[in-house]
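Enquirer: Below is one structure. I have some questions about it.
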Amino acid sequence: MSKRRWILLGIAACAFATAVVIALLVALRRPDYRPREAEPTLEQETRRLEVEQPLASSREPYLILDLLSSRLVYRISGMTPKIIPFKIDSIRGPQGPLIPDQGALTLLILEERGAPREVITPPDPDNPVEPLKDPKIFPPDPPTDFILSFDRPLKLRILGEKDQGWRDRVTSMGKTVRRWFGKGQDQGRTRIQLRFPAERAQEIYRGLYQGERILVLGLEEPAPPGPPPDGEE
């Protein structure tokens with residue numbers, strides 16, 4: 001093996017080790033779930049109110065995902081019954097990492113919660129189950145890790161942080177590495193990963209429904225995928 005190939009292998013090994021260390025730090029750290037202060041200008045606040053006014057008039061619940069202040073706001077008829085802070089892990093566009101922009105916003109429609117739908121299967125009457133395990137009384141717990149899909153080329157991963165053993169932390173680290181570098185990283189899409197306390201992530205999952213409107217502050221509307229160039233499928 002030539003000296004040049006040895007050098008290239010050494011560089012590749014160092015890059016891989018660096019990626020593993022970064023992923024390990026992400027997986028093992030304890031996030032800070034505190035909202036930040038972000039003061040919009042009068043023009044930016046006016047634009048937000050113009051977009052939000054039809055949502056408030058609909059009298060249907062909607063969400064405001066504020067990437068500038070790191071908080072998820074529940075809204076209905078213009079009122080705020082609940083606010084949940086979060087930690088931003090990453091925001092990546094088709095061209096690389098993105099930084100929330102004070103004047104940007106986009107309105108999304110939820111299409112899929114990204115986890116298997118809860119199906120309650122009645123127990124076999126010939127094989128009775130314990131009352132505390134009866135799915136009719138206690139349905140399965142919602143997931144703490146799920147990916148939301150929208151009507152735009154954007155995916156949002158909600159990751160519930162909980163007290164984990166080293167096995168769970170290594171598994172979480174592996175998922176992060178695969179999403180960063182794997183083939184299934186949804187090329188051409190904007191990808192956001194947020195961390196919440198585990199019980200808050202489950203609470204969010206329970207409240208989501210198909211067709212729900214989510215107003216994202218700090219991110220410009222992703223453009224829909226264009227038609228392929230001539231001669232390509």
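Numbering starts fresh at 1 for the residues of each chain in the structure tokens, the chains themselves are lettered A, B, ... in the order given, and ligands are numbered from 1 as they appear.
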What's the 7 Å shell around segment 144-161 of chain A, counting only C-alpha atoms, without same-chain residues fewer than 6 positions away, as an NGL selection string?
Expert: :A and (108-115 or 189-198 or 201-202 or 222 or 224)
Enquirer: Kindly save the residues from that selection, with N, CA and C atoms included, as a compact mmCIF listing (two decimals), in the first residue's frame.
Expert:
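This is the output file again32.txt:
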```txt
# COMPACT_ATOMS: atom_id res chain seq x y z
N LEU A 108 -46.82 26.00 7.92
CA LEU A 108 -46.81 24.61 7.51
C LEU A 108 -48.12 23.92 7.90
N ILE A 109 -48.44 22.87 7.15
CA ILE A 109 -49.59 22.03 7.46
C ILE A 109 -49.08 20.63 7.75
N LEU A 110 -49.42 20.10 8.92
CA LEU A 110 -48.93 18.79 9.33
C LEU A 110 -49.60 17.69 8.51
N GLU A 111 -48.79 16.80 7.95
CA GLU A 111 -49.32 15.69 7.17
C GLU A 111 -49.16 14.34 7.88
N GLU A 112 -48.09 14.17 8.63
CA GLU A 112 -47.85 12.87 9.27
C GLU A 112 -47.04 13.04 10.54
N ARG A 113 -47.44 12.29 11.60
CA ARG A 113 -46.73 12.37 12.87
C ARG A 113 -45.48 11.52 12.92
N GLY A 114 -45.28 10.67 11.93
CA GLY A 114 -44.02 9.95 11.82
C GLY A 114 -43.82 8.83 12.79
N ALA A 115 -44.87 8.27 13.33
CA ALA A 115 -44.77 7.11 14.21
C ALA A 115 -45.98 6.23 13.95
N ARG A 189 -34.39 18.49 1.44
CA ARG A 189 -35.33 18.92 2.47
C ARG A 189 -34.61 19.71 3.56
N THR A 190 -35.36 20.58 4.21
CA THR A 190 -34.88 21.23 5.42
C THR A 190 -35.18 20.30 6.59
N ARG A 191 -34.21 20.10 7.46
CA ARG A 191 -34.36 19.17 8.57
C ARG A 191 -34.05 19.88 9.88
N ILE A 192 -34.99 19.80 10.81
CA ILE A 192 -34.85 20.43 12.12
C ILE A 192 -34.92 19.35 13.18
N GLN A 193 -34.02 19.40 14.16
CA GLN A 193 -34.06 18.47 15.29
C GLN A 193 -34.12 19.26 16.58
N LEU A 194 -35.16 19.00 17.38
CA LEU A 194 -35.38 19.70 18.64
C LEU A 194 -35.46 18.70 19.78
N ARG A 195 -35.00 19.13 20.95
CA ARG A 195 -35.05 18.28 22.14
C ARG A 195 -36.01 18.87 23.17
N PHE A 196 -36.81 17.98 23.76
CA PHE A 196 -37.73 18.31 24.83
C PHE A 196 -37.54 17.30 25.96
N PRO A 197 -38.01 17.60 27.16
CA PRO A 197 -38.11 16.52 28.15
C PRO A 197 -39.02 15.43 27.61
N ALA A 198 -38.76 14.18 27.97
CA ALA A 198 -39.48 13.04 27.40
C ALA A 198 -40.98 13.17 27.57
N ALA A 201 -42.38 15.64 25.12
CA ALA A 201 -42.45 15.10 23.75
C ALA A 201 -43.69 14.23 23.59
N GLN A 202 -44.00 13.41 24.57
CA GLN A 202 -45.20 12.57 24.51
C GLN A 202 -46.47 13.43 24.53
N PRO A 222 -39.63 26.88 2.88
CA PRO A 222 -38.85 26.09 1.91
C PRO A 222 -39.59 26.00 0.58
N PRO A 224 -40.99 24.43 -2.79
CA PRO A 224 -41.34 23.06 -3.19
C PRO A 224 -40.35 22.54 -4.21
```
Enquirer: For Pro35 of chain A, please output as a ChimeraX atom specification all residues within 10 Å (counting only C-alpha atoms; exclusion window: fewer than 2 positions along the same chain).
Expert: /A:32-33,37-38,66-72,83-87
Enquirer: Write out, as a PDB file, in the first residue's frame, the residues just selected, with N, CA and C atoms.
Expert:
```pdb
ATOM      1  N   ASP A  32     -30.492  22.471  27.809  1.00  0.00           N
ATOM      2  CA  ASP A  32     -31.016  23.555  28.638  1.00  0.00           C
ATOM      3  C   ASP A  32     -32.374  23.958  28.084  1.00  0.00           C
ATOM      4  N   TYR A  33     -33.445  23.564  28.772  1.00  0.00           N
ATOM      5  CA  TYR A  33     -34.798  23.848  28.287  1.00  0.00           C
ATOM      6  C   TYR A  33     -35.274  25.196  28.837  1.00  0.00           C
ATOM      7  N   GLU A  37     -34.651  35.183  24.776  1.00  0.00           N
ATOM      8  CA  GLU A  37     -35.311  36.457  24.506  1.00  0.00           C
ATOM      9  C   GLU A  37     -34.996  36.891  23.079  1.00  0.00           C
ATOM     10  N   ALA A  38     -36.025  37.135  22.296  1.00  0.00           N
ATOM     11  CA  ALA A  38     -35.859  37.602  20.917  1.00  0.00           C
ATOM     12  C   ALA A  38     -36.858  38.724  20.679  1.00  0.00           C
ATOM     13  N   ASP A  66     -41.383  28.718  17.587  1.00  0.00           N
ATOM     14  CA  ASP A  66     -40.519  29.902  17.620  1.00  0.00           C
ATOM     15  C   ASP A  66     -39.068  29.467  17.763  1.00  0.00           C
ATOM     16  N   LEU A  67     -38.359  29.399  16.636  1.00  0.00           N
ATOM     17  CA  LEU A  67     -36.959  29.006  16.657  1.00  0.00           C
ATOM     18  C   LEU A  67     -36.069  30.113  17.196  1.00  0.00           C
ATOM     19  N   LEU A  68     -36.579  31.332  17.221  1.00  0.00           N
ATOM     20  CA  LEU A  68     -35.803  32.466  17.723  1.00  0.00           C
ATOM     21  C   LEU A  68     -35.772  32.479  19.245  1.00  0.00           C
ATOM     22  N   SER A  69     -36.886  32.092  19.864  1.00  0.00           N
ATOM     23  CA  SER A  69     -36.989  32.102  21.322  1.00  0.00           C
ATOM     24  C   SER A  69     -36.947  30.702  21.931  1.00  0.00           C
ATOM     25  N   SER A  70     -36.809  29.673  21.104  1.00  0.00           N
ATOM     26  CA  SER A  70     -36.725  28.282  21.562  1.00  0.00           C
ATOM     27  C   SER A  70     -37.931  27.887  22.408  1.00  0.00           C
ATOM     28  N   ARG A  71     -39.107  28.082  21.840  1.00  0.00           N
ATOM     29  CA  ARG A  71     -40.310  27.669  22.560  1.00  0.00           C
ATOM     30  C   ARG A  71     -41.420  27.325  21.576  1.00  0.00           C
ATOM     31  N   LEU A  72     -42.230  26.347  21.971  1.00  0.00           N
ATOM     32  CA  LEU A  72     -43.393  25.925  21.207  1.00  0.00           C
ATOM     33  C   LEU A  72     -44.623  26.498  21.895  1.00  0.00           C
ATOM     34  N   ILE A  83     -47.056  27.068  26.859  1.00  0.00           N
ATOM     35  CA  ILE A  83     -45.769  27.298  26.195  1.00  0.00           C
ATOM     36  C   ILE A  83     -44.796  26.226  26.669  1.00  0.00           C
ATOM     37  N   ILE A  84     -44.104  25.591  25.727  1.00  0.00           N
ATOM     38  CA  ILE A  84     -43.134  24.545  26.062  1.00  0.00           C
ATOM     39  C   ILE A  84     -41.768  24.944  25.483  1.00  0.00           C
ATOM     40  N   PRO A  85     -40.762  25.169  26.319  1.00  0.00           N
ATOM     41  CA  PRO A  85     -39.412  25.489  25.795  1.00  0.00           C
ATOM     42  C   PRO A  85     -38.723  24.235  25.274  1.00  0.00           C
ATOM     43  N   PHE A  86     -37.748  24.432  24.394  1.00  0.00           N
ATOM     44  CA  PHE A  86     -37.009  23.316  23.831  1.00  0.00           C
ATOM     45  C   PHE A  86     -35.566  23.719  23.576  1.00  0.00           C
ATOM     46  N   LYS A  87     -34.770  22.747  23.176  1.00  0.00           N
ATOM     47  CA  LYS A  87     -33.366  22.965  22.819  1.00  0.00           C
ATOM     48  C   LYS A  87     -33.186  22.626  21.349  1.00  0.00           C
TER      49      LYS A  87
END
```
Enquirer: Env of segment 92-105 of chain A: 6 Å cut, atoms = only C-alpha atoms, seq-sep filter 2 positions within chain, self excluded. Answer as a list in words.
Expert: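 Non-adjacent residues within range: Gln44, Gly188, Arg189, Thr190, Arg191, Val216, Leu217, Gly218, Leu219 and Glu220 of chain A.
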Enquirer: For the residues selected in the previous step, produce a file with N, CA and C atoms as a PDB file, in the first residue's frame.
Expert:
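Everything below was put into part_0.pdb:
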```pdb
ATOM      1  N   GLN A  44     -41.546  43.246  11.648  1.00  0.00           N
ATOM      2  CA  GLN A  44     -41.600  41.791  11.762  1.00  0.00           C
ATOM      3  C   GLN A  44     -42.817  41.339  12.559  1.00  0.00           C
ATOM      4  N   GLY A 188     -32.454  17.521  -0.215  1.00  0.00           N
ATOM      5  CA  GLY A 188     -33.395  18.480  -0.777  1.00  0.00           C
ATOM      6  C   GLY A 188     -34.416  18.989   0.215  1.00  0.00           C
ATOM      7  N   ARG A 189     -34.389  18.489   1.439  1.00  0.00           N
ATOM      8  CA  ARG A 189     -35.331  18.924   2.467  1.00  0.00           C
ATOM      9  C   ARG A 189     -34.611  19.713   3.556  1.00  0.00           C
ATOM     10  N   THR A 190     -35.358  20.582   4.212  1.00  0.00           N
ATOM     11  CA  THR A 190     -34.877  21.231   5.423  1.00  0.00           C
ATOM     12  C   THR A 190     -35.178  20.296   6.589  1.00  0.00           C
ATOM     13  N   ARG A 191     -34.210  20.098   7.464  1.00  0.00           N
ATOM     14  CA  ARG A 191     -34.365  19.166   8.570  1.00  0.00           C
ATOM     15  C   ARG A 191     -34.051  19.882   9.885  1.00  0.00           C
ATOM     16  N   VAL A 216     -43.977  28.710  11.792  1.00  0.00           N
ATOM     17  CA  VAL A 216     -42.572  28.622  12.193  1.00  0.00           C
ATOM     18  C   VAL A 216     -41.950  30.008  12.095  1.00  0.00           C
ATOM     19  N   LEU A 217     -41.410  30.497  13.203  1.00  0.00           N
ATOM     20  CA  LEU A 217     -40.729  31.783  13.241  1.00  0.00           C
ATOM     21  C   LEU A 217     -39.225  31.564  13.195  1.00  0.00           C
ATOM     22  N   GLY A 218     -38.548  32.275  12.296  1.00  0.00           N
ATOM     23  CA  GLY A 218     -37.106  32.178  12.183  1.00  0.00           C
ATOM     24  C   GLY A 218     -36.631  31.392  10.982  1.00  0.00           C
ATOM     25  N   LEU A 219     -37.590  30.886  10.185  1.00  0.00           N
ATOM     26  CA  LEU A 219     -37.220  30.070   9.029  1.00  0.00           C
ATOM     27  C   LEU A 219     -38.082  30.462   7.844  1.00  0.00           C
ATOM     28  N   GLU A 220     -37.430  30.775   6.723  1.00  0.00           N
ATOM     29  CA  GLU A 220     -38.177  31.148   5.523  1.00  0.00           C
ATOM     30  C   GLU A 220     -38.786  29.910   4.903  1.00  0.00           C
TER      31      GLU A 220
END
```
Enquirer: Kindly give the distance, in Å, that separates atom CA of Gly78 of chain A and atom CA of Ile214 of chain A, rounded to a single decimal.
Expert: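 Atom-to-atom, atom CA of Gly78 of chain A and atom CA of Ile214 of chain A are spaced 13.7 Å apart.
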Enquirer: Would you return as JSON, numbers by chain the members of segment 48-129 of chain A that DSSP assigns to strand (DSSP E) on this structure's backbone?
Expert: {"A": [62, 63, 64, 65, 66, 71, 72, 73, 74, 75, 76, 79, 80, 81, 82, 83, 84, 85, 87, 88, 89, 90, 91, 92, 93, 96, 97, 105, 106, 107, 108, 109, 110, 111, 112]}
